[in-house]
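Dumped entry_11.cif below, it's mmCIF, C-alpha atoms (C1' of nucleotides):
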data_query
loop_
_atom_site.group_PDB
_atom_site.id
_atom_site.type_symbol
_atom_site.label_atom_id
_atom_site.label_comp_id
_atom_site.auth_asym_id
_atom_site.auth_seq_id
_atom_site.Cartn_x
_atom_site.Cartn_y
_atom_site.Cartn_z
ATOM 1 C CA MET C 1 15.895 6.551 -7.849
ATOM 2 C CA GLU C 2 13.107 8.183 -9.811
ATOM 3 C CA ARG C 3 13.072 5.401 -12.345
ATOM 4 C CA LEU C 4 13.221 2.697 -9.712
ATOM 5 C CA ALA C 5 10.269 4.355 -7.987
ATOM 6 C CA ARG C 6 8.337 4.383 -11.246
ATOM 7 C CA ALA C 7 9.151 0.754 -11.956
ATOM 8 C CA ALA C 8 8.058 -0.232 -8.450
ATOM 9 C CA ALA C 9 4.853 1.808 -8.750
ATOM 10 C CA GLY C 10 4.198 0.294 -12.153
ATOM 11 C CA TYR C 11 4.635 -3.213 -10.857
ATOM 12 C CA TYR C 12 2.231 -2.695 -7.967
ATOM 13 C CA ARG C 13 -0.251 -0.910 -10.189
ATOM 14 C CA ASP C 14 -0.310 -3.929 -12.483
ATOM 15 C CA LEU C 15 -0.632 -6.331 -9.577
ATOM 16 C CA THR C 16 -3.433 -4.326 -7.966
ATOM 17 C CA ALA C 17 -5.363 -4.200 -11.234
ATOM 18 C CA ALA C 18 -4.874 -7.912 -11.927
ATOM 19 C CA ALA C 19 -5.979 -8.788 -8.400
ATOM 20 C CA ALA C 20 -9.033 -6.530 -8.600
ATOM 21 C CA ARG C 21 -10.172 -8.251 -11.801
ATOM 22 C CA HIS C 22 -10.480 -11.438 -9.766
ATOM 23 C CA GLY C 23 -12.046 -10.017 -6.621
ATOM 24 C CA LEU C 24 -8.855 -9.663 -4.613
ATOM 25 C CA THR C 25 -7.021 -6.757 -3.062
ATOM 26 C CA MET C 26 -3.288 -6.503 -3.666
ATOM 27 C CA THR C 27 -2.552 -7.685 -0.144
ATOM 28 C CA GLN C 28 -4.859 -10.664 -0.505
ATOM 29 C CA ALA C 29 -3.211 -11.561 -3.801
ATOM 30 C CA LYS C 30 0.240 -11.354 -2.260
ATOM 31 C CA MET C 31 -0.852 -13.581 0.605
ATOM 32 C CA LEU C 32 -2.424 -16.171 -1.677
ATOM 33 C CA ILE C 33 0.691 -16.202 -3.840
ATOM 34 C CA LEU C 34 2.826 -16.837 -0.761
ATOM 35 C CA LEU C 35 0.499 -19.697 0.157
ATOM 36 C CA ARG C 36 1.523 -21.685 -2.904
ATOM 37 C CA GLN C 37 3.992 -23.125 -0.486
ATOM 38 C CA PRO C 38 2.110 -24.512 2.580
ATOM 39 C CA LEU C 39 3.233 -21.420 4.554
ATOM 40 C CA PRO C 40 6.507 -22.073 6.414
ATOM 41 C CA ALA C 41 5.426 -20.947 9.875
ATOM 42 C CA LEU C 42 3.068 -17.985 10.051
ATOM 43 C CA ALA C 43 3.323 -14.849 7.957
ATOM 44 C CA GLY C 44 6.143 -12.644 9.033
ATOM 45 C CA ARG C 45 6.581 -12.912 5.290
ATOM 46 C CA LEU C 46 3.985 -10.257 4.687
ATOM 47 C CA ALA C 47 5.950 -7.726 6.748
ATOM 48 C CA CYS C 48 3.017 -7.051 9.029
ATOM 49 C CA ASP C 49 1.957 -7.698 12.589
ATOM 50 C CA ALA C 50 0.513 -11.105 13.465
ATOM 51 C CA SER C 51 -2.782 -9.500 14.442
ATOM 52 C CA ASN C 52 -3.443 -8.614 10.819
ATOM 53 C CA ILE C 53 -3.353 -12.179 9.635
ATOM 54 C CA THR C 54 -6.589 -13.000 11.404
ATOM 55 C CA GLY C 55 -8.654 -10.441 9.532
ATOM 56 C CA LEU C 56 -6.792 -11.060 6.306
ATOM 57 C CA VAL C 57 -7.590 -14.770 6.432
ATOM 58 C CA ASP C 58 -11.176 -14.000 7.466
ATOM 59 C CA ARG C 59 -11.711 -11.778 4.433
ATOM 60 C CA LEU C 60 -10.239 -14.373 2.087
ATOM 61 C CA GLU C 61 -13.032 -16.675 3.235
ATOM 62 C CA ALA C 62 -13.420 -19.731 1.009
ATOM 63 C CA ARG C 63 -10.145 -19.142 -0.785
ATOM 64 C CA VAL C 64 -8.213 -20.192 2.262
ATOM 65 C CA SER C 65 -8.624 -22.483 5.240
ATOM 66 C CA ARG C 66 -7.170 -22.831 8.730
ATOM 67 C CA GLU C 67 -5.853 -26.235 9.683
ATOM 68 C CA ALA C 68 -4.795 -27.210 13.155
ATOM 69 C CA ASP C 69 -1.167 -28.228 13.534
ATOM 70 C CA THR C 70 -0.829 -31.777 14.809
ATOM 71 C CA ALA C 71 2.430 -31.187 16.671
ATOM 72 C CA ASP C 72 1.607 -27.893 18.398
ATOM 73 C CA ARG C 73 -2.062 -27.184 18.943
ATOM 74 C CA ARG C 74 -1.438 -23.449 19.323
ATOM 75 C CA ILE C 75 -0.500 -23.252 15.667
ATOM 76 C CA LYS C 76 -3.044 -22.897 12.878
ATOM 77 C CA ASN C 77 -1.651 -23.495 9.431
ATOM 78 C CA VAL C 78 -3.237 -21.433 6.706
ATOM 79 C CA VAL C 79 -3.556 -23.197 3.376
ATOM 80 C CA ALA C 80 -5.012 -22.112 0.051
ATOM 81 C CA THR C 81 -8.095 -24.006 -1.078
ATOM 82 C CA GLU C 82 -8.585 -25.051 -4.691
ATOM 83 C CA GLU C 83 -10.634 -21.872 -5.127
ATOM 84 C CA GLY C 84 -7.715 -19.884 -3.769
ATOM 85 C CA ARG C 85 -5.210 -21.586 -6.029
ATOM 86 C CA GLU C 86 -7.432 -20.933 -9.032
ATOM 87 C CA ALA C 87 -7.579 -17.226 -8.125
ATOM 88 C CA VAL C 88 -3.784 -17.131 -8.009
ATOM 89 C CA ARG C 89 -3.574 -18.762 -11.419
ATOM 90 C CA LEU C 90 -5.907 -16.130 -12.869
ATOM 91 C CA VAL C 91 -4.022 -13.240 -11.301
ATOM 92 C CA ARG C 92 -0.705 -14.574 -12.482
ATOM 93 C CA ALA C 93 -2.101 -15.069 -15.954
ATOM 94 C CA ASP C 94 -3.204 -11.432 -15.970
ATOM 95 C CA MET C 95 0.290 -10.431 -14.942
ATOM 96 C CA ARG C 96 1.491 -11.848 -18.248
ATOM 97 C CA GLY C 97 1.060 -8.352 -19.606
ATOM 98 C CA THR C 98 3.767 -7.216 -17.248
ATOM 99 C CA SER C 99 5.811 -10.325 -17.870
ATOM 100 C CA GLU C 100 5.646 -9.722 -21.574
ATOM 101 C CA ALA C 101 7.666 -6.573 -21.137
ATOM 102 C CA PHE C 102 10.304 -8.903 -19.736
ATOM 103 C CA ALA C 103 9.893 -11.260 -22.634
ATOM 104 C CA ARG C 104 10.562 -8.442 -25.051
ATOM 105 C CA LEU C 105 13.949 -7.901 -23.452
ATOM 106 C CA ASP C 106 16.625 -10.036 -25.034
ATOM 107 C CA GLU C 107 18.134 -12.884 -23.051
ATOM 108 C CA GLU C 108 21.132 -10.843 -21.999
ATOM 109 C CA GLY C 109 18.937 -7.934 -20.915
ATOM 110 C CA ARG C 110 16.912 -10.211 -18.681
ATOM 111 C CA ARG C 111 19.972 -11.744 -17.071
ATOM 112 C CA THR C 112 21.441 -8.296 -16.516
ATOM 113 C CA LEU C 113 18.215 -7.001 -14.959
ATOM 114 C CA TYR C 114 18.023 -9.990 -12.614
ATOM 115 C CA GLU C 115 21.550 -9.450 -11.504
ATOM 116 C CA LEU C 116 21.181 -5.705 -10.985
ATOM 117 C CA LEU C 117 17.916 -6.029 -9.076
ATOM 118 C CA GLY C 118 19.488 -8.752 -6.976
ATOM 119 C CA ARG C 119 22.332 -6.461 -6.088
ATOM 120 C CA LEU C 120 19.920 -3.697 -5.093
ATOM 121 C CA HIS C 121 17.981 -5.899 -2.669
ATOM 122 C CA PRO C 122 20.083 -8.953 -1.924
ATOM 123 C CA GLU C 123 18.009 -9.877 1.120
ATOM 124 C CA ASP C 124 14.287 -10.348 1.450
ATOM 125 C CA THR C 125 14.049 -10.703 5.197
ATOM 126 C CA GLN C 126 11.210 -8.352 6.002
ATOM 127 C CA LYS C 127 11.164 -7.728 9.712
ATOM 128 C CA THR C 128 7.822 -7.368 11.423
ATOM 129 C CA THR C 129 7.446 -4.141 13.416
ATOM 130 C CA MET W 130 8.813 -11.620 -11.865
ATOM 131 C CA GLU W 131 9.808 -12.859 -8.428
ATOM 132 C CA ARG W 132 12.903 -10.728 -8.381
ATOM 133 C CA LEU W 133 11.085 -7.676 -9.667
ATOM 134 C CA ALA W 134 8.514 -8.180 -6.910
ATOM 135 C CA ARG W 135 11.274 -8.390 -4.332
ATOM 136 C CA ALA W 136 12.978 -5.282 -5.649
ATOM 137 C CA ALA W 137 9.706 -3.375 -5.614
ATOM 138 C CA ALA W 138 8.910 -4.573 -2.091
ATOM 139 C CA GLY W 139 12.411 -3.641 -0.975
ATOM 140 C CA TYR W 140 12.091 -0.172 -2.391
ATOM 141 C CA TYR W 141 8.789 0.485 -0.667
ATOM 142 C CA ARG W 142 10.032 -1.012 2.571
ATOM 143 C CA ASP W 143 12.939 1.421 2.544
ATOM 144 C CA LEU W 144 10.687 4.342 1.683
ATOM 145 C CA THR W 145 8.166 3.450 4.393
ATOM 146 C CA ALA W 146 10.908 3.181 7.008
ATOM 147 C CA ALA W 147 12.543 6.452 5.943
ATOM 148 C CA ALA W 148 9.179 8.238 5.997
ATOM 149 C CA ALA W 149 8.278 6.817 9.414
ATOM 150 C CA ARG W 150 11.530 8.127 10.884
ATOM 151 C CA HIS W 151 10.301 11.605 10.064
ATOM 152 C CA GLY W 152 6.687 11.280 11.103
ATOM 153 C CA LEU W 153 5.254 10.508 7.692
ATOM 154 C CA THR W 154 3.430 7.580 6.162
ATOM 155 C CA MET W 155 4.614 6.286 2.811
ATOM 156 C CA THR W 156 1.661 7.897 1.039
ATOM 157 C CA GLN W 157 2.284 11.233 2.715
ATOM 158 C CA ALA W 158 5.950 11.057 1.735
ATOM 159 C CA LYS W 159 5.045 10.277 -1.867
ATOM 160 C CA MET W 160 2.652 13.206 -1.958
ATOM 161 C CA LEU W 161 5.164 15.639 -0.444
ATOM 162 C CA ILE W 162 7.821 14.486 -2.892
ATOM 163 C CA LEU W 163 5.421 15.129 -5.776
ATOM 164 C CA LEU W 164 4.802 18.613 -4.347
ATOM 165 C CA ARG W 165 8.390 19.644 -4.982
ATOM 166 C CA GLN W 166 6.905 20.869 -8.189
ATOM 167 C CA PRO W 167 3.978 23.225 -7.409
ATOM 168 C CA LEU W 168 1.578 20.396 -8.331
ATOM 169 C CA PRO W 169 0.562 20.515 -12.002
ATOM 170 C CA ALA W 170 -3.201 20.320 -11.592
ATOM 171 C CA LEU W 171 -4.546 18.116 -8.825
ATOM 172 C CA ALA W 172 -3.289 14.716 -7.913
ATOM 173 C CA GLY W 173 -4.281 12.123 -10.426
ATOM 174 C CA ARG W 174 -0.568 11.561 -9.994
ATOM 175 C CA LEU W 175 -1.129 9.579 -6.827
ATOM 176 C CA ALA W 176 -3.316 7.102 -8.683
ATOM 177 C CA CYS W 177 -6.214 7.648 -6.331
ATOM 178 C CA ASP W 178 -9.634 9.221 -6.336
ATOM 179 C CA ALA W 179 -9.931 12.986 -5.877
ATOM 180 C CA SER W 180 -11.889 12.474 -2.672
ATOM 181 C CA ASN W 181 -8.790 11.078 -0.981
ATOM 182 C CA ILE W 182 -6.768 14.225 -1.485
ATOM 183 C CA THR W 183 -8.867 16.152 1.005
ATOM 184 C CA GLY W 184 -8.100 13.856 3.923
ATOM 185 C CA LEU W 185 -4.527 13.356 2.812
ATOM 186 C CA VAL W 186 -3.894 17.099 2.801
ATOM 187 C CA ASP W 187 -5.736 17.457 6.128
ATOM 188 C CA ARG W 188 -3.469 14.888 7.770
ATOM 189 C CA LEU W 189 -0.333 16.552 6.438
ATOM 190 C CA GLU W 190 -1.406 19.654 8.372
ATOM 191 C CA ALA W 191 1.386 22.238 8.653
ATOM 192 C CA ARG W 192 3.582 20.527 6.085
ATOM 193 C CA VAL W 193 1.273 21.620 3.324
ATOM 194 C CA SER W 194 -1.091 24.469 2.564
ATOM 195 C CA ARG W 195 -4.057 25.106 0.268
ATOM 196 C CA GLU W 196 -3.884 28.195 -1.894
ATOM 197 C CA ALA W 197 -6.750 29.543 -3.951
ATOM 198 C CA ASP W 198 -6.154 29.644 -7.673
ATOM 199 C CA THR W 199 -6.455 33.169 -9.026
ATOM 200 C CA ALA W 200 -7.691 32.141 -12.463
ATOM 201 C CA ASP W 201 -10.285 29.540 -11.465
ATOM 202 C CA ARG W 202 -11.711 29.885 -7.979
ATOM 203 C CA ARG W 203 -12.875 26.277 -7.921
ATOM 204 C CA ILE W 204 -9.250 25.159 -7.829
ATOM 205 C CA LYS W 205 -7.200 24.952 -4.655
ATOM 206 C CA ASN W 206 -3.504 24.505 -5.265
ATOM 207 C CA VAL W 207 -1.727 22.408 -2.690
ATOM 208 C CA VAL W 208 1.819 23.541 -1.956
ATOM 209 C CA ALA W 209 4.458 22.237 0.437
ATOM 210 C CA THR W 210 5.402 24.595 3.249
ATOM 211 C CA GLU W 211 9.013 25.019 4.339
ATOM 212 C CA GLU W 212 8.279 22.424 7.040
ATOM 213 C CA GLY W 213 7.056 20.070 4.345
ATOM 214 C CA ARG W 214 10.088 20.631 2.142
ATOM 215 C CA GLU W 215 12.388 19.999 5.087
ATOM 216 C CA ALA W 216 10.611 16.701 5.764
ATOM 217 C CA VAL W 217 11.180 15.685 2.161
ATOM 218 C CA ARG W 218 14.863 16.521 2.410
ATOM 219 C CA LEU W 219 15.208 14.343 5.506
ATOM 220 C CA VAL W 220 13.365 11.418 3.934
ATOM 221 C CA ARG W 221 15.423 11.635 0.781
ATOM 222 C CA ALA W 222 18.608 11.795 2.811
ATOM 223 C CA ASP W 223 17.542 8.616 4.589
ATOM 224 C CA MET W 224 16.966 6.983 1.226
ATOM 225 C CA ARG W 225 20.680 7.382 0.555
ATOM 226 C CA GLY W 226 21.054 3.924 2.018
ATOM 227 C CA THR W 227 19.010 2.623 -0.870
ATOM 228 C CA SER W 228 20.714 4.919 -3.344
ATOM 229 C CA GLU W 229 24.085 3.666 -2.209
ATOM 230 C CA ALA W 230 23.246 0.271 -3.629
ATOM 231 C CA PHE W 231 22.936 2.082 -6.925
ATOM 232 C CA ALA W 232 26.193 3.890 -6.345
ATOM 233 C CA ARG W 233 27.946 0.564 -5.892
ATOM 234 C CA LEU W 234 26.890 -0.476 -9.365
ATOM 235 C CA ASP W 235 29.395 0.596 -11.990
ATOM 236 C CA GLU W 236 28.447 3.312 -14.444
ATOM 237 C CA GLU W 237 27.473 0.851 -17.146
ATOM 238 C CA GLY W 238 25.349 -1.152 -14.718
ATOM 239 C CA ARG W 239 23.399 1.923 -13.764
ATOM 240 C CA ARG W 240 22.770 2.945 -17.346
ATOM 241 C CA THR W 241 21.676 -0.572 -18.189
ATOM 242 C CA LEU W 242 19.320 -0.719 -15.211
ATOM 243 C CA TYR W 243 17.760 2.634 -16.137
ATOM 244 C CA GLU W 244 17.197 1.485 -19.650
ATOM 245 C CA LEU W 245 15.737 -1.897 -18.686
ATOM 246 C CA LEU W 246 13.415 -0.408 -16.068
ATOM 247 C CA GLY W 247 12.360 2.212 -18.566
ATOM 248 C CA ARG W 248 11.454 -0.487 -21.040
ATOM 249 C CA LEU W 249 9.407 -2.321 -18.411
ATOM 250 C CA HIS W 250 7.313 0.724 -17.551
ATOM 251 C CA PRO W 251 7.756 3.265 -20.341
ATOM 252 C CA GLU W 252 4.710 5.234 -19.243
ATOM 253 C CA ASP W 253 3.862 6.666 -15.871
ATOM 254 C CA THR W 254 0.344 7.815 -16.589
ATOM 255 C CA GLN W 255 -1.527 6.399 -13.635
ATOM 256 C CA LYS W 256 -5.188 6.520 -14.382
ATOM 257 C CA THR W 257 -7.559 7.285 -11.553
ATOM 258 C CA THR W 258 -10.289 4.664 -11.179
ATOM 259 C "C1'" DT O 259 -24.434 21.705 -17.654
ATOM 260 C "C1'" DA O 260 -19.888 20.419 -16.317
ATOM 261 C "C1'" DT O 261 -16.049 20.559 -13.088
ATOM 262 C "C1'" DT O 262 -13.359 21.157 -8.476
ATOM 263 C "C1'" DG O 263 -13.230 20.149 -4.091
ATOM 264 C "C1'" DT O 264 -15.606 18.609 -0.068
ATOM 265 C "C1'" DT O 265 -18.406 15.612 2.987
ATOM 266 C "C1'" DA O 266 -20.505 11.219 4.343
ATOM 267 C "C1'" DT O 267 -20.066 6.488 4.337
ATOM 268 C "C1'" DA O 268 -18.012 2.057 4.094
ATOM 269 C "C1'" DC O 269 -14.307 -1.242 3.571
ATOM 270 C "C1'" DT O 270 -9.398 -2.760 3.767
ATOM 271 C "C1'" DC O 271 -4.912 -2.668 5.895
ATOM 272 C "C1'" DT O 272 -2.157 -1.635 9.711
ATOM 273 C "C1'" DA O 273 -0.268 -1.575 14.720
ATOM 274 C "C1'" DT O 274 -0.819 -1.768 19.859
ATOM 275 C "C1'" DA O 275 -2.614 -3.827 23.784
ATOM 276 C "C1'" DA O 276 -5.179 -7.201 26.215
ATOM 277 C "C1'" DC O 277 -6.849 -11.762 26.197
ATOM 278 C "C1'" DT O 278 -7.128 -17.291 25.394
ATOM 279 C "C1'" DA O 279 -5.241 -21.574 24.894
ATOM 280 C "C1'" DT O 280 -1.673 -23.963 24.657
ATOM 281 C "C1'" DA O 281 3.288 -25.166 25.613
ATOM 282 C "C1'" DT I 282 6.756 -18.073 31.991
ATOM 283 C "C1'" DA I 283 6.575 -17.789 27.016
ATOM 284 C "C1'" DT I 284 4.318 -18.342 22.486
ATOM 285 C "C1'" DA I 285 0.383 -18.577 18.687
ATOM 286 C "C1'" DG I 286 -3.598 -16.758 17.546
ATOM 287 C "C1'" DT I 287 -7.512 -13.855 18.528
ATOM 288 C "C1'" DT I 288 -10.180 -9.732 19.760
ATOM 289 C "C1'" DA I 289 -10.827 -4.787 20.537
ATOM 290 C "C1'" DT I 290 -9.607 -0.451 19.210
ATOM 291 C "C1'" DA I 291 -7.739 3.235 16.578
ATOM 292 C "C1'" DG I 292 -5.800 5.428 12.618
ATOM 293 C "C1'" DA I 293 -4.590 5.676 7.640
ATOM 294 C "C1'" DG I 294 -5.755 4.867 2.746
ATOM 295 C "C1'" DT I 295 -9.177 3.897 -0.601
ATOM 296 C "C1'" DA I 296 -13.660 4.365 -3.563
ATOM 297 C "C1'" DT I 297 -18.586 5.704 -4.328
ATOM 298 C "C1'" DA I 298 -22.153 8.876 -4.025
ATOM 299 C "C1'" DA I 299 -24.105 13.268 -2.972
ATOM 300 C "C1'" DC I 300 -23.291 18.068 -2.450
ATOM 301 C "C1'" DA I 301 -21.669 23.252 -2.812
ATOM 302 C "C1'" DA I 302 -19.328 26.627 -5.310
ATOM 303 C "C1'" DT I 303 -17.772 28.027 -9.529
ATOM 304 C "C1'" DA I 304 -17.235 27.900 -14.441
#
Transcribe the structure of this file into structure tokens.
Amino acid sequence: MERLARAAAGYYRDLTAAAARHGLTMTQAKMLILLRQPLPALAGRLACDASNITGLVDRLEARVSREADTADRRIKNVVATEEGREAVRLVRADMRGTSEAFARLDEEGRRTLYELLGRLHPEDTQKTT
Amino acid sequence: MERLARAAAGYYRDLTAAAARHGLTMTQAKMLILLRQPLPALAGRLACDASNITGLVDRLEARVSREADTADRRIKNVVATEEGREAVRLVRADMRGTSEAFARLDEEGRRTLYELLGRLHPEDTQKTT
DNA sequence: TATTGTTATACTCTATAACTATA
DNA sequence: TATAGTTATAGAGTATAACAATA
């Protein structure tokens, strides 16, 4: 457990630092990364209450935009702007440092790690509340 | 990277839920767990600014206490009270659910995972600022 | 002078509850 | 009546800057 905790902390430390270098908080970076896909419905994906999304999107400002849904006018689809997508590219590029640790593992090591991590957290359904 | 992100998110989700069940936030739980050892110096270990420790310790209230250092009167050593240690025990017991995923891995799988995670984040020196 | 801890301040993230506009 | 998003409010975590006590 200790080592898993350290690996998790290390990952988030790297992500936070990479995000900060490009004017984003970790949460903002995570949201923008999720928005690579047009955002399925809303963001139960961020494991937070719906009321947070409003402020989160507000603070992202130009990096994101709200678009009215044509089918259901209650829905506002959040999409990343070009500025937002560029920020994601930069953050992900900065995460290369972390990825490189992966790269240094041999092919078998990587496959093994994938499999073991997958067995630890087979599901990714983060419930809100 | 995706799978590492999911594993990290899964770990913290479990920890947050376990902590909440016992009246703690994730950060408070992490701090209390660190305090199993009498706290080396202060808490650069939490990867946060010194000014946060004050409020963090305040909010932990009875689960923690400040003790004056005999050698250097500027220093206040933070130690977990029995109530604090009990809270840690309960949280860690609740994390068994997560640990069990480990237990289901065979012996070799566990050793391999330890080694691979260790190679990803060999150091745990979290710099403040 | 330098360091430890605190206070003051400000911003982000979070949840709950009440509200609106749609459906 | 129910749902999607918002607003208002409150609390927790964070950093910066200024400060007191001690070294």
For chain W, report every residue with an atom at most 8 Å from chain C (counting all atoms listed in the file), formatted as a ChimeraX atom specification. /W:130,132-141,227-228,230-231,234,238,241-243,245-250,253
Can you list, as a ChimeraX atom specification, every protein, DNA or RNA residue that comes within 10 Å of DT274 of chain O when you count all atoms listed in the file, leaving out same-chain residues fewer than 2 positions away? /C:49,51 /O:276 /I:290-291
Run the PyMOL selection byres ((chain O) within 12 of (chain W)) on the file and write out the hits as a PyMOL selection string. chain O and resi 261-266+272
Next, write the just-selected residues to a file, as a PDB file, keeping the file's coordinate frame, keeping C-alpha atoms (C1' of nucleotides) as the atom set.
ATOM      1  C1'  DT O 261     -16.049  20.559 -13.088  1.00  0.00           C
ATOM      2  C1'  DT O 262     -13.359  21.157  -8.476  1.00  0.00           C
ATOM      3  C1'  DG O 263     -13.230  20.149  -4.091  1.00  0.00           C
ATOM      4  C1'  DT O 264     -15.606  18.609  -0.068  1.00  0.00           C
ATOM      5  C1'  DT O 265     -18.406  15.612   2.987  1.00  0.00           C
ATOM      6  C1'  DA O 266     -20.505  11.219   4.343  1.00  0.00           C
ATOM      7  C1'  DT O 272      -2.157  -1.635   9.711  1.00  0.00           C
TER       8       DT O 272
END
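With all atoms listed in the file as the atoms that count, the minimum distance from chain I to the choices C:Val78, C:Met31, C:Ala18, C:Ala62 is reached by C:Val78.
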Apply the PyMOL selection byres ((chain O and resi 269) around 12) to the file shown and report the selected residues as number ranges by chain. C: 25, 59; O: 267-268, 270-271; I: 294-297
